[in-house]
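Trainee: Handing you this structure, nothing more for now.
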Amino acid sequence: MKKKVGTKLFYLQCAQFFMKKGVHPIDWKGLAEFCSVPLRDLLPYKGKEDELINRAMEMFVAENFEDINNIMRVPVTAIEKLFLINRYNIMRYRSLNPETLRQVKELYPAAYAYYRKEVKRYWPVVLKELIQQGQEEGLFRTDLVDEIVIANHQATILSLFNTEDYPYEKYGVPGVYDEVLKNFIHSLLSARGFQLFEKLKEKARRNEFWF
């Protein structure tokens, strides 16, 4: 079934294609085949690549945050929610090419600025809720300073675009993301929380977790 250019599904498929192939130069023929649309339908975007990349980024981020909102509603501990979010993102970034990160930051500043804005808008709300829940459960440290934790997390997420700083060629994007985010989670944990997190990691190694 042919899909229509300009729909949410089309832009999400564009995002998936760019994750694998990079965004410069755009492989128009490959993109048309991947999205199951006629190549001629993509002609209006030639010379307007910024518009295409921006819309793909918007749809990708919106879907990502919608899925994380769903995880936040799961009736489990704050550590399990963070763990689920981390596992979800690892799966989502499984095919992400580090070149895509670099190219978006360097060649499409409007798309990168949009992503930065959304990170700074969305994550403070999520993290404040998780910190409060985790402290009430006795799983997070009680001496956490919310503003610093949030700023640290935002800097961590955005630092992943600095591809020269991480050994992506050795571990891939999911491997780097997993290690960076596990270190962040460790910084939040009480002694009791650390014990639970170690159990969750072992379950994940045995493929006994939700994802």
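Convention: chains lettered A, B, ... in structure tokens order; per-chain residue numbering from 1; ligands numbered from 1 as shown.
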Report as number ranges by chain all protein, DNA and RNA residues lying within 6 Å of stretch 96-108 of chain A, evaluated on only C-alpha atoms, omitting residues in the same chain fewer than 2 positions from it.

Mentor: A: 19-20, 22, 93-94, 110-112, 161

Trainee: Given the selection you just returned, output its residues as a file containing N, CA, C and O atoms, formatted as an mmCIF file, in the first residue's frame.

Mentor:
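Produced file again_17.cif, reproduced below:
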```
data_model
loop_
_atom_site.group_PDB
_atom_site.id
_atom_site.type_symbol
_atom_site.label_atom_id
_atom_site.label_comp_id
_atom_site.auth_asym_id
_atom_site.auth_seq_id
_atom_site.Cartn_x
_atom_site.Cartn_y
_atom_site.Cartn_z
ATOM 1 N N MET A 19 18.128 7.655 10.618
ATOM 2 C CA MET A 19 18.867 7.059 11.726
ATOM 3 C C MET A 19 19.878 6.039 11.213
ATOM 4 O O MET A 19 21.001 5.944 11.716
ATOM 5 N N LYS A 20 19.485 5.284 10.217
ATOM 6 C CA LYS A 20 20.354 4.237 9.686
ATOM 7 C C LYS A 20 21.367 4.770 8.681
ATOM 8 O O LYS A 20 22.538 4.366 8.673
ATOM 9 N N GLY A 22 22.053 8.200 7.807
ATOM 10 C CA GLY A 22 22.569 9.559 7.880
ATOM 11 C C GLY A 22 21.674 10.518 7.114
ATOM 12 O O GLY A 22 20.762 10.111 6.385
ATOM 13 N N TYR A 93 17.347 3.022 19.597
ATOM 14 C CA TYR A 93 18.573 3.506 18.980
ATOM 15 C C TYR A 93 19.444 2.388 18.420
ATOM 16 O O TYR A 93 20.587 2.622 18.048
ATOM 17 N N ARG A 94 18.898 1.190 18.366
ATOM 18 C CA ARG A 94 19.677 0.027 17.953
ATOM 19 C C ARG A 94 20.308 0.215 16.581
ATOM 20 O O ARG A 94 21.422 -0.232 16.328
ATOM 21 N N ALA A 110 18.707 23.924 13.053
ATOM 22 C CA ALA A 110 17.327 24.144 13.493
ATOM 23 C C ALA A 110 16.756 22.866 14.100
ATOM 24 O O ALA A 110 16.055 22.912 15.124
ATOM 25 N N ALA A 111 17.038 21.730 13.478
ATOM 26 C CA ALA A 111 16.560 20.449 14.011
ATOM 27 C C ALA A 111 17.222 20.148 15.354
ATOM 28 O O ALA A 111 16.569 19.676 16.291
ATOM 29 N N TYR A 112 18.520 20.418 15.455
ATOM 30 C CA TYR A 112 19.232 20.193 16.714
ATOM 31 C C TYR A 112 18.717 21.125 17.800
ATOM 32 O O TYR A 112 18.537 20.709 18.958
ATOM 33 N N PHE A 161 25.647 13.813 21.146
ATOM 34 C CA PHE A 161 25.862 14.352 19.802
ATOM 35 C C PHE A 161 27.336 14.662 19.555
ATOM 36 O O PHE A 161 27.725 14.885 18.414
#
```

Trainee: Find the spatial neighbours of stretch 130-136 of chain A, counting only C-alpha atoms, within a cut-off of 10 Å - ignore same-chain residues fewer than 4 positions away - and output them as a ChimeraX atom specification.

Mentor: /A:72,77-82,124-126,140-146,149-150,188-190,193

Trainee: From a backbone DSSP assignment, name each residue in stretch 22-132 of chain A labelled alpha helix (DSSP H), as a ChimeraX atom specification.

Mentor: /A:28-35,49-72,78-92,98-107,109-132

Trainee: In Å, how far is it from atom CA of A:Arg55 to atom CA of A:Tyr11?

Mentor: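 These two atoms are separated by 6.5 Å.
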
Trainee: Could you please determine the separation between atom CA of A:Val74 and atom CA of A:Gln13 in Å, to one decimal place?

Mentor: 27.3 Å
